[in-house]
file structure17.cif (mmCIF, C-alpha atoms and all ligand atoms)
data_final
loop_
_atom_site.label_atom_id
_atom_site.label_comp_id
_atom_site.auth_asym_id
_atom_site.auth_seq_id
_atom_site.Cartn_x
_atom_site.Cartn_y
_atom_site.Cartn_z
CA MET R 1 32.17 -13.81 31.13
CA THR R 2 30.84 -15.82 34.02
CA ALA R 3 33.41 -18.51 34.61
CA LYS R 4 32.39 -22.17 34.74
CA ASN R 5 33.96 -22.47 38.16
CA ASP R 6 31.86 -19.49 39.37
CA ILE R 7 28.77 -21.51 38.49
CA GLU R 8 30.11 -24.56 40.29
CA THR R 9 30.98 -22.43 43.32
CA VAL R 10 27.49 -20.88 43.43
CA ILE R 11 25.73 -24.25 43.13
CA LYS R 12 27.77 -25.68 45.98
CA ALA R 13 27.24 -22.60 48.16
CA LEU R 14 23.47 -22.48 47.52
CA ARG R 15 23.15 -26.16 48.44
CA ASN R 16 25.19 -25.51 51.53
CA ASN R 17 22.65 -22.79 52.37
CA ASN R 18 19.85 -25.42 52.10
CA PHE R 19 18.44 -24.31 48.73
CA LYS R 20 17.56 -26.98 46.16
CA VAL R 21 19.43 -26.18 42.95
CA GLU R 22 19.29 -27.57 39.45
CA TYR R 23 21.67 -26.36 36.76
CA VAL R 24 20.81 -26.25 33.05
CA GLU R 25 23.17 -25.09 30.31
CA THR R 26 20.64 -23.12 28.31
CA ALA R 27 17.34 -21.36 28.97
CA LYS R 28 15.26 -23.76 26.88
CA TYR R 29 16.17 -26.61 29.23
CA ALA R 30 14.90 -24.59 32.18
CA ILE R 31 11.33 -24.67 30.86
CA PRO R 32 10.50 -28.36 31.48
CA VAL R 33 12.22 -28.23 34.85
CA ILE R 34 10.10 -25.25 35.95
CA LEU R 35 6.87 -26.78 34.61
CA ASP R 36 7.69 -29.93 36.55
CA ARG R 37 8.38 -28.05 39.81
CA ILE R 38 5.02 -26.22 39.85
CA PRO R 39 1.80 -28.18 40.49
CA VAL R 40 -0.79 -27.70 37.70
CA ASP R 41 -3.42 -26.58 40.20
CA ALA R 42 -1.20 -23.97 41.89
CA SER R 43 -1.87 -20.25 41.66
CA ILE R 44 1.26 -18.33 40.70
CA GLU R 45 2.70 -14.88 41.39
CA MET R 46 5.31 -13.67 38.86
CA ALA R 47 5.75 -10.07 40.07
CA GLY R 48 6.83 -8.85 36.64
CA SER R 49 9.97 -10.97 36.38
CA MET R 50 11.71 -10.32 33.06
CA SER R 51 13.70 -13.56 33.30
CA VAL R 52 10.46 -15.53 33.50
CA ALA R 53 8.83 -13.44 30.77
CA GLN R 54 11.76 -14.14 28.42
CA LEU R 55 10.98 -17.86 28.48
CA GLY R 56 7.29 -17.38 27.66
CA LEU R 57 6.31 -19.24 30.81
CA ARG R 58 3.25 -17.13 31.56
CA ASP R 59 1.31 -18.49 28.56
CA MET R 60 2.58 -22.05 29.03
CA LEU R 61 1.43 -22.12 32.65
CA ARG R 62 -1.87 -20.41 31.87
CA ASN R 63 -2.59 -22.85 29.04
CA ARG R 64 -2.14 -25.88 31.25
CA GLY R 65 -4.52 -24.47 33.87
CA ASN R 66 -2.45 -22.57 36.43
CA LYS R 67 -4.22 -19.52 37.86
CA GLY R 68 -3.29 -16.03 39.03
CA LEU R 69 -1.07 -15.16 36.09
CA ASP R 70 -2.71 -11.99 34.84
CA PHE R 71 -1.16 -8.63 35.65
CA PRO R 72 -3.52 -6.14 37.28
CA LYS R 73 -4.29 -3.40 34.76
CA PRO R 74 -2.75 0.02 35.47
CA GLY R 75 -5.12 1.87 37.79
CA GLU R 76 -6.76 -1.36 39.02
CA PHE R 77 -3.95 -2.27 41.33
CA SER R 78 -4.83 -2.66 45.02
CA PHE R 79 -2.68 -3.66 48.01
CA GLU R 80 -5.83 -4.92 49.73
CA GLU R 81 -6.54 -7.30 46.83
CA MET R 82 -2.96 -8.53 46.90
CA ARG R 83 -3.18 -9.26 50.61
CA LYS R 84 -6.43 -11.17 50.15
CA ASN R 85 -5.34 -13.12 47.07
CA ARG R 86 -2.18 -14.79 48.23
CA LYS R 87 -0.77 -17.23 45.66
CA ASP R 88 0.65 -20.73 46.17
CA VAL R 89 3.86 -20.28 44.21
CA LEU R 90 6.22 -17.37 43.54
CA LEU R 91 8.00 -17.75 40.18
CA VAL R 92 10.56 -14.97 39.74
CA SER R 93 14.28 -14.32 39.50
CA THR R 94 16.71 -12.64 41.88
CA ASN R 95 18.62 -9.39 41.36
CA ALA R 96 21.83 -11.16 42.29
CA VAL R 97 23.31 -14.33 43.76
CA THR R 98 26.69 -14.21 45.48
CA LEU R 99 29.49 -16.74 45.21
CA ASP R 100 28.77 -17.77 48.80
CA GLY R 101 25.14 -18.51 47.95
CA LYS R 102 23.23 -15.46 49.22
CA LEU R 103 20.25 -14.04 47.30
CA ILE R 104 20.14 -10.24 47.12
CA ASN R 105 17.10 -8.26 46.06
CA ILE R 106 15.97 -4.65 45.99
CA ASP R 107 12.29 -3.93 45.55
CA GLY R 108 9.97 -0.96 45.36
CA MET R 109 6.74 -2.32 46.87
CA GLY R 110 8.12 -5.42 48.57
CA ASN R 111 5.53 -7.93 47.32
CA ARG R 112 8.16 -9.86 45.37
CA VAL R 113 10.76 -10.01 48.12
CA ALA R 114 8.25 -10.64 50.94
CA CYS R 115 7.00 -13.75 49.17
CA MET R 116 10.56 -15.02 48.91
CA PHE R 117 10.64 -15.65 52.64
CA PHE R 118 7.01 -15.79 53.80
CA GLY R 119 3.48 -15.98 52.43
CA VAL R 120 3.69 -18.57 49.65
CA LYS R 121 4.19 -22.32 49.93
CA LYS R 122 6.86 -22.52 47.30
CA VAL R 123 9.39 -20.30 45.54
CA VAL R 124 10.80 -21.22 42.14
CA LEU R 125 13.70 -18.99 41.21
CA LEU R 126 15.00 -18.76 37.64
CA VAL R 127 18.53 -17.36 37.74
CA GLY R 128 20.67 -16.50 34.71
CA ALA R 129 24.48 -16.64 34.84
CA ASN R 130 24.59 -12.83 34.58
CA LYS R 131 23.11 -12.60 38.09
CA ILE R 132 26.23 -14.08 39.72
CA VAL R 133 28.28 -11.54 41.69
CA ARG R 134 31.27 -11.88 43.98
CA ASN R 135 29.66 -10.67 47.20
CA VAL R 136 26.88 -8.61 48.81
CA GLU R 137 28.73 -5.32 48.22
CA GLU R 138 29.00 -6.01 44.50
CA ALA R 139 25.31 -7.00 44.37
CA LEU R 140 24.21 -3.74 46.00
CA GLU R 141 26.52 -1.65 43.85
CA ARG R 142 25.21 -3.30 40.69
CA ALA R 143 21.60 -2.84 41.77
CA GLN R 144 22.11 0.89 42.37
CA LYS R 145 24.44 1.64 39.47
CA VAL R 146 22.99 -0.59 36.78
CA ILE R 147 19.64 -2.25 37.44
CA ALA R 148 17.60 0.45 39.16
CA PRO R 149 18.71 3.39 36.93
CA TYR R 150 18.20 1.39 33.73
CA HIS R 151 14.81 0.10 34.87
CA ALA R 152 13.67 3.54 36.04
CA LYS R 153 14.77 5.16 32.79
CA TYR R 154 13.10 2.63 30.52
CA LEU R 155 9.88 2.74 32.54
CA GLY R 156 9.95 6.54 32.28
CA LEU R 157 9.85 7.05 36.04
CA ASN R 158 10.37 10.42 37.62
CA THR R 159 13.49 9.55 39.62
CA PRO R 160 16.90 11.25 39.50
CA CYS R 161 18.62 8.07 38.31
CA ALA R 162 16.30 7.86 35.30
CA SER R 163 17.84 11.05 33.95
CA THR R 164 21.41 10.91 35.33
CA GLY R 165 21.97 7.13 35.29
CA GLU R 166 23.25 7.37 38.87
CA CYS R 167 21.69 6.70 42.22
CA CYS R 168 21.58 9.57 44.71
CA ASP R 169 19.53 7.74 47.36
CA CYS R 170 16.57 9.86 46.32
CA ASP R 171 13.36 10.86 48.10
CA SER R 172 11.28 10.51 44.95
CA PRO R 173 7.68 9.27 45.38
CA GLN R 174 8.45 6.90 42.49
CA ARG R 175 11.57 5.50 44.14
CA ILE R 176 11.91 1.82 43.16
CA CYS R 177 14.41 0.72 45.78
CA ASN R 178 12.68 0.89 49.13
CA ILE R 179 13.36 -2.59 50.45
CA THR R 180 16.61 -4.56 50.38
CA THR R 181 16.69 -8.24 51.33
CA ILE R 182 19.50 -10.73 51.78
CA LEU R 183 18.53 -14.39 52.04
CA SER R 184 21.53 -15.97 53.71
CA LYS R 185 19.94 -19.42 54.07
CA LYS R 186 16.71 -20.99 52.82
CA PRO R 187 13.77 -19.48 54.70
CA PRO R 188 12.21 -22.21 56.86
CA SER R 189 8.57 -21.63 55.88
CA VAL R 190 8.91 -22.10 52.12
CA ASP R 191 9.95 -24.82 49.74
CA PHE R 192 12.67 -23.29 47.53
CA ASP R 193 13.81 -24.50 44.08
CA ILE R 194 16.49 -22.59 42.20
CA ILE R 195 17.00 -23.23 38.49
CA LEU R 196 20.40 -21.83 37.55
CA VAL R 197 20.92 -21.27 33.83
CA GLY R 198 24.31 -21.04 32.12
CA GLU R 199 23.07 -18.15 29.93
CA ASP R 200 22.15 -14.53 30.58
CA LEU R 201 18.54 -13.96 31.63
CA GLY R 202 16.82 -10.83 32.92
CA LEU R 203 18.28 -7.44 33.79
CA GLY R 204 21.78 -7.28 35.25
CA TRP R 205 25.35 -6.85 34.11
CA ASP R 206 28.75 -5.74 35.19
CA PRO R 207 29.67 -2.42 33.48
CA ASP R 208 33.09 -3.94 32.65
CA TRP R 209 31.60 -6.69 30.49
CA PRO R 210 31.93 -6.46 26.68
CA GLU R 211 29.49 -3.96 25.19
CA GLU R 212 27.96 -6.64 22.96
CA ARG R 213 26.99 -8.82 25.93
CA ILE R 214 25.52 -5.84 27.82
CA GLU R 215 23.50 -4.68 24.79
CA LYS R 216 22.09 -8.18 24.25
CA ILE R 217 20.87 -8.32 27.86
CA ALA R 218 19.47 -4.77 27.66
CA ALA R 219 17.76 -5.33 24.29
CA THR R 220 16.01 -8.47 25.52
CA TYR R 221 14.84 -6.59 28.61
CA ARG R 222 13.49 -3.69 26.47
CA ASP R 223 11.60 -6.15 24.24
CA GLU R 224 9.86 -7.71 27.24
CA ILE R 225 8.94 -4.34 28.73
CA ASP R 226 7.54 -3.24 25.34
CA LYS R 227 5.43 -6.41 25.13
CA PHE R 228 4.16 -5.76 28.63
CA ARG R 229 3.20 -2.19 27.73
CA ALA R 230 1.51 -3.34 24.52
CA SER R 231 -0.63 -5.81 26.46
CA PHE R 232 -2.34 -2.81 28.09
CA SER R 233 -2.57 -0.61 25.01
CA PRO R 234 -6.04 0.62 24.10
CA PRO R 235 -7.50 -1.16 21.05
CA PRO R 236 -6.82 0.67 17.78
CA GLU R 237 -9.61 2.96 16.59
CA ASN R 238 -11.38 1.89 13.39
S1 LIG I 1 17.19 5.36 45.33
FE1 LIG I 1 16.23 6.69 43.80
S2 LIG I 1 17.94 7.46 42.59
FE2 LIG I 1 18.67 5.66 43.68
S3 LIG I 1 18.41 3.97 42.23
FE3 LIG I 1 16.60 4.04 43.59
S4 LIG I 1 15.10 5.26 42.48
FE4 LIG I 1 17.11 5.64 41.55
#
call {"tool": "encode", "arguments": {"input": "structure17.cif", "output": "structure tokens", "more": "lines below"}}
Ligand code: SF4
result
Amino acid sequence: MTAKNDIETVIKALRNNNFKVEYVETAKYAIPVILDRIPVDASIEMAGSMSVAQLGLRDMLRNRGNKGLDFPKPGEFSFEEMRKNRKDVLLVSTNAVTLDGKLINIDGMGNRVACMFFGVKKVVLLVGANKIVRNVEEALERAQKVIAPYHAKYLGLNTPCASTGECCDCDSPQRICNITTILSKKPPSVDFDIILVGEDLGLGWDPDWPEERIEKIAATYRDEIDKFRASFSPPPEN
């Protein structure tokens, strides 16, 4: 389990690295904090964050008037559109946060990680306790041994890790780990709020954790991916 003093260490280190941090014990307490941190007239990029999806924040933000929350439909996706339609706020999670307060991310396209350090006015990061790792090495190992293979497999991507469960630094056209970023300190051009939650949220675990904890994280992730897929399903034929 993530130790209480790991959480205290991370909060202190993140603040030392100039990030604003608020800690909440459980995910439900993160919701009002996040709603309060994002202006009601802001457009928001969520970049498919499963942590954010788990809290149902997309509908809450949409219902109160925030814009930009719809996913592009498969086949309607365009880099040009993304460049033109920059959002005000990025609301996502991080792949990992180290005990010395660094944020580690691996991304396929780079839109999520680029916005973390340039391009939006504000970043709001929702981080579950399961994202805490000892150091950068552990973050990268977890990303390549756990997160990317599991994600690739469940998405049905044609990558070696999707079938073997192991990274081989592939050359696949569907490779999902093209860009690795380490934020050592708060980027100067963006306002940065981190909401750290004392519960597991989003995809990420240590293979040595109890099976029950890992399966709970994985099952919640699969549910959110299934909901996402269903939102693009063709209407049933009558
Ligand atoms: S580099 Fe390729 S094989 Fe390795 S985790 Fe990424 S997609 Fe999978």
call {"tool": "closest_residue", "arguments": {"input": "structure17.cif", "among": "R:Val136, R:Ala3, R:Ile217, R:Met82", "to": "R:Asn111", "atoms": "all atoms listed in the file"}}
result
R:Met82
call {"tool": "closest_atom_pairs", "arguments": {"input": "structure17.cif", "of": "chain R", "to": "ligand LIG 1 (chain I)", "cutoff": "8 Å", "atoms": "all atoms listed in the file", "output": "Markdown table"}}
result
| residue | atom | partner | partner_atom | distance |
| --- | --- | --- | --- | --- |
| R:Ala143 | CA | I:LIG1 | S3 | 7.5 |
| R:Gln144 | CA | I:LIG1 | S3 | 4.8 |
| R:Lys145 | CA | I:LIG1 | S3 | 7.0 |
| R:Ile147 | CA | I:LIG1 | S3 | 7.9 |
| R:Ala148 | CA | I:LIG1 | S3 | 4.7 |
| R:Pro149 | CA | I:LIG1 | S3 | 5.3 |
| R:Ala152 | CA | I:LIG1 | S4 | 6.8 |
| R:Thr159 | CA | I:LIG1 | S4 | 5.4 |
| R:Pro160 | CA | I:LIG1 | S2 | 5.0 |
| R:Cys161 | CA | I:LIG1 | FE4 | 4.3 |
| R:Ala162 | CA | I:LIG1 | FE4 | 6.7 |
| R:Glu166 | CA | I:LIG1 | S2 | 6.5 |
| R:Cys167 | CA | I:LIG1 | FE2 | 3.5 |
| R:Cys168 | CA | I:LIG1 | S2 | 4.7 |
| R:Asp169 | CA | I:LIG1 | S1 | 3.9 |
| R:Cys170 | CA | I:LIG1 | FE1 | 4.1 |
| R:Asp171 | CA | I:LIG1 | FE1 | 6.6 |
| R:Ser172 | CA | I:LIG1 | FE1 | 6.4 |
| R:Gln174 | CA | I:LIG1 | S4 | 6.8 |
| R:Arg175 | CA | I:LIG1 | S4 | 3.9 |
| R:Ile176 | CA | I:LIG1 | S4 | 4.7 |
| R:Cys177 | CA | I:LIG1 | FE3 | 4.5 |
| R:Asn178 | CA | I:LIG1 | S1 | 7.4 |
call {"tool": "residues_around", "arguments": {"input": "structure17.cif", "residues": "R:Ile214", "least_positions_apart": "3", "cutoff": "12 Å", "atoms": "all atoms listed in the file", "output": "mmCIF file with C-alpha atoms, in the coordinates of the input"}}
result
data_model
loop_
_atom_site.group_PDB
_atom_site.id
_atom_site.type_symbol
_atom_site.label_atom_id
_atom_site.label_comp_id
_atom_site.auth_asym_id
_atom_site.auth_seq_id
_atom_site.Cartn_x
_atom_site.Cartn_y
_atom_site.Cartn_z
ATOM 1 C CA MET R 1 32.170 -13.810 31.130
ATOM 2 C CA ASN R 130 24.590 -12.830 34.580
ATOM 3 C CA VAL R 146 22.990 -0.590 36.780
ATOM 4 C CA ILE R 147 19.640 -2.250 37.440
ATOM 5 C CA TYR R 150 18.200 1.390 33.730
ATOM 6 C CA ASP R 200 22.150 -14.530 30.580
ATOM 7 C CA LEU R 201 18.540 -13.960 31.630
ATOM 8 C CA GLY R 202 16.820 -10.830 32.920
ATOM 9 C CA LEU R 203 18.280 -7.440 33.790
ATOM 10 C CA GLY R 204 21.780 -7.280 35.250
ATOM 11 C CA TRP R 205 25.350 -6.850 34.110
ATOM 12 C CA ASP R 206 28.750 -5.740 35.190
ATOM 13 C CA PRO R 207 29.670 -2.420 33.480
ATOM 14 C CA ASP R 208 33.090 -3.940 32.650
ATOM 15 C CA TRP R 209 31.600 -6.690 30.490
ATOM 16 C CA PRO R 210 31.930 -6.460 26.680
ATOM 17 C CA GLU R 211 29.490 -3.960 25.190
ATOM 18 C CA ILE R 217 20.870 -8.320 27.860
ATOM 19 C CA ALA R 218 19.470 -4.770 27.660
ATOM 20 C CA ALA R 219 17.760 -5.330 24.290
ATOM 21 C CA THR R 220 16.010 -8.470 25.520
ATOM 22 C CA TYR R 221 14.840 -6.590 28.610
#
call {"tool": "closest_residue", "arguments": {"input": "structure17.cif", "among": "R:Gly165, R:Leu99, R:Ala53, R:Arg86", "to": "R:Asp226", "atoms": "only C-alpha atoms"}}
result
R:Ala53
call {"tool": "axis_aligned_box", "arguments": {"input": "structure17.cif", "around": "stretch 28-44 of chain R", "padding_each_side": "8 Å", "output": "JSON"}}
result
{"center_x": 6.4, "center_y": -24.1, "center_z": 34.4, "size_x": 35.6, "size_y": 27.6, "size_z": 31.0}
call {"tool": "closest_residue", "arguments": {"input": "structure17.cif", "among": "R:Thr26, R:Ser231, R:Asn18, R:Ser184", "to": "R:Leu55", "atoms": "all atoms listed in the file"}}
result
R:Thr26
call {"tool": "closest_residue", "arguments": {"input": "structure17.cif", "among": "R:Val92, R:Asp36, R:Glu137, R:Thr98", "to": "R:Arg58", "atoms": "all atoms listed in the file"}}
result
R:Val92
call {"tool": "atom_distance", "arguments": {"input": "structure17.cif", "atom1": "atom CA of R:Ile31", "atom2": "atom CA of R:Arg213"}}
result
22.8 Å
call {"tool": "build_atoms", "arguments": {"input": "structure17.cif", "residues": "stretch 2-23 of chain R", "atoms": "N, CA and C atoms", "output": "mmCIF file, in the frame of the given file"}}
result
data_model
loop_
_atom_site.group_PDB
_atom_site.id
_atom_site.type_symbol
_atom_site.label_atom_id
_atom_site.label_comp_id
_atom_site.auth_asym_id
_atom_site.auth_seq_id
_atom_site.Cartn_x
_atom_site.Cartn_y
_atom_site.Cartn_z
ATOM 1 N N THR R 2 30.952 -15.064 32.774
ATOM 2 C CA THR R 2 30.840 -15.820 34.020
ATOM 3 C C THR R 2 31.628 -17.115 33.864
ATOM 4 N N ALA R 3 32.560 -17.332 34.747
ATOM 5 C CA ALA R 3 33.410 -18.510 34.610
ATOM 6 C C ALA R 3 32.661 -19.761 35.048
ATOM 7 N N LYS R 4 33.042 -20.894 34.409
ATOM 8 C CA LYS R 4 32.390 -22.170 34.740
ATOM 9 C C LYS R 4 32.578 -22.484 36.223
ATOM 10 N N ASN R 5 33.775 -22.152 36.735
ATOM 11 C CA ASN R 5 33.960 -22.470 38.160
ATOM 12 C C ASN R 5 33.186 -21.533 39.075
ATOM 13 N N ASP R 6 32.760 -20.326 38.562
ATOM 14 C CA ASP R 6 31.860 -19.490 39.370
ATOM 15 C C ASP R 6 30.516 -20.206 39.524
ATOM 16 N N ILE R 7 30.054 -20.804 38.437
ATOM 17 C CA ILE R 7 28.770 -21.510 38.490
ATOM 18 C C ILE R 7 28.861 -22.682 39.461
ATOM 19 N N GLU R 8 29.940 -23.425 39.374
ATOM 20 C CA GLU R 8 30.110 -24.560 40.290
ATOM 21 C C GLU R 8 30.168 -24.089 41.746
ATOM 22 N N THR R 9 30.868 -22.975 41.953
ATOM 23 C CA THR R 9 30.980 -22.430 43.320
ATOM 24 C C THR R 9 29.612 -22.022 43.857
ATOM 25 N N VAL R 10 28.819 -21.352 43.000
ATOM 26 C CA VAL R 10 27.490 -20.880 43.430
ATOM 27 C C VAL R 10 26.579 -22.066 43.753
ATOM 28 N N ILE R 11 26.599 -23.089 42.893
ATOM 29 C CA ILE R 11 25.730 -24.250 43.130
ATOM 30 C C ILE R 11 26.066 -24.876 44.493
ATOM 31 N N LYS R 12 27.345 -25.056 44.727
ATOM 32 C CA LYS R 12 27.770 -25.680 45.980
ATOM 33 C C LYS R 12 27.349 -24.817 47.184
ATOM 34 N N ALA R 13 27.556 -23.506 47.038
ATOM 35 C CA ALA R 13 27.240 -22.600 48.160
ATOM 36 C C ALA R 13 25.727 -22.559 48.412
ATOM 37 N N LEU R 14 24.931 -22.508 47.344
ATOM 38 C CA LEU R 14 23.470 -22.480 47.520
ATOM 39 C C LEU R 14 23.000 -23.760 48.220
ATOM 40 N N ARG R 15 23.549 -24.890 47.790
ATOM 41 C CA ARG R 15 23.150 -26.160 48.440
ATOM 42 C C ARG R 15 23.566 -26.159 49.902
ATOM 43 N N ASN R 16 24.726 -25.610 50.153
ATOM 44 C CA ASN R 16 25.190 -25.510 51.530
ATOM 45 C C ASN R 16 24.273 -24.624 52.376
ATOM 46 N N ASN R 17 23.599 -23.683 51.685
ATOM 47 C CA ASN R 17 22.650 -22.790 52.370
ATOM 48 C C ASN R 17 21.217 -23.354 52.339
ATOM 49 N N ASN R 18 21.109 -24.650 52.020
ATOM 50 C CA ASN R 18 19.850 -25.420 52.100
ATOM 51 C C ASN R 18 18.862 -25.157 50.960
ATOM 52 N N PHE R 19 19.312 -24.487 49.896
ATOM 53 C CA PHE R 19 18.440 -24.310 48.730
ATOM 54 C C PHE R 19 18.588 -25.544 47.827
ATOM 55 N N LYS R 20 17.452 -25.937 47.190
ATOM 56 C CA LYS R 20 17.560 -26.980 46.160
ATOM 57 C C LYS R 20 17.964 -26.275 44.868
ATOM 58 N N VAL R 21 18.932 -26.829 44.164
ATOM 59 C CA VAL R 21 19.430 -26.180 42.950
ATOM 60 C C VAL R 21 19.516 -27.184 41.815
ATOM 61 N N GLU R 22 19.051 -26.774 40.655
ATOM 62 C CA GLU R 22 19.290 -27.570 39.450
ATOM 63 C C GLU R 22 19.950 -26.651 38.424
ATOM 64 N N TYR R 23 20.978 -27.157 37.766
ATOM 65 C CA TYR R 23 21.670 -26.360 36.760
ATOM 66 C C TYR R 23 21.317 -26.853 35.364
#
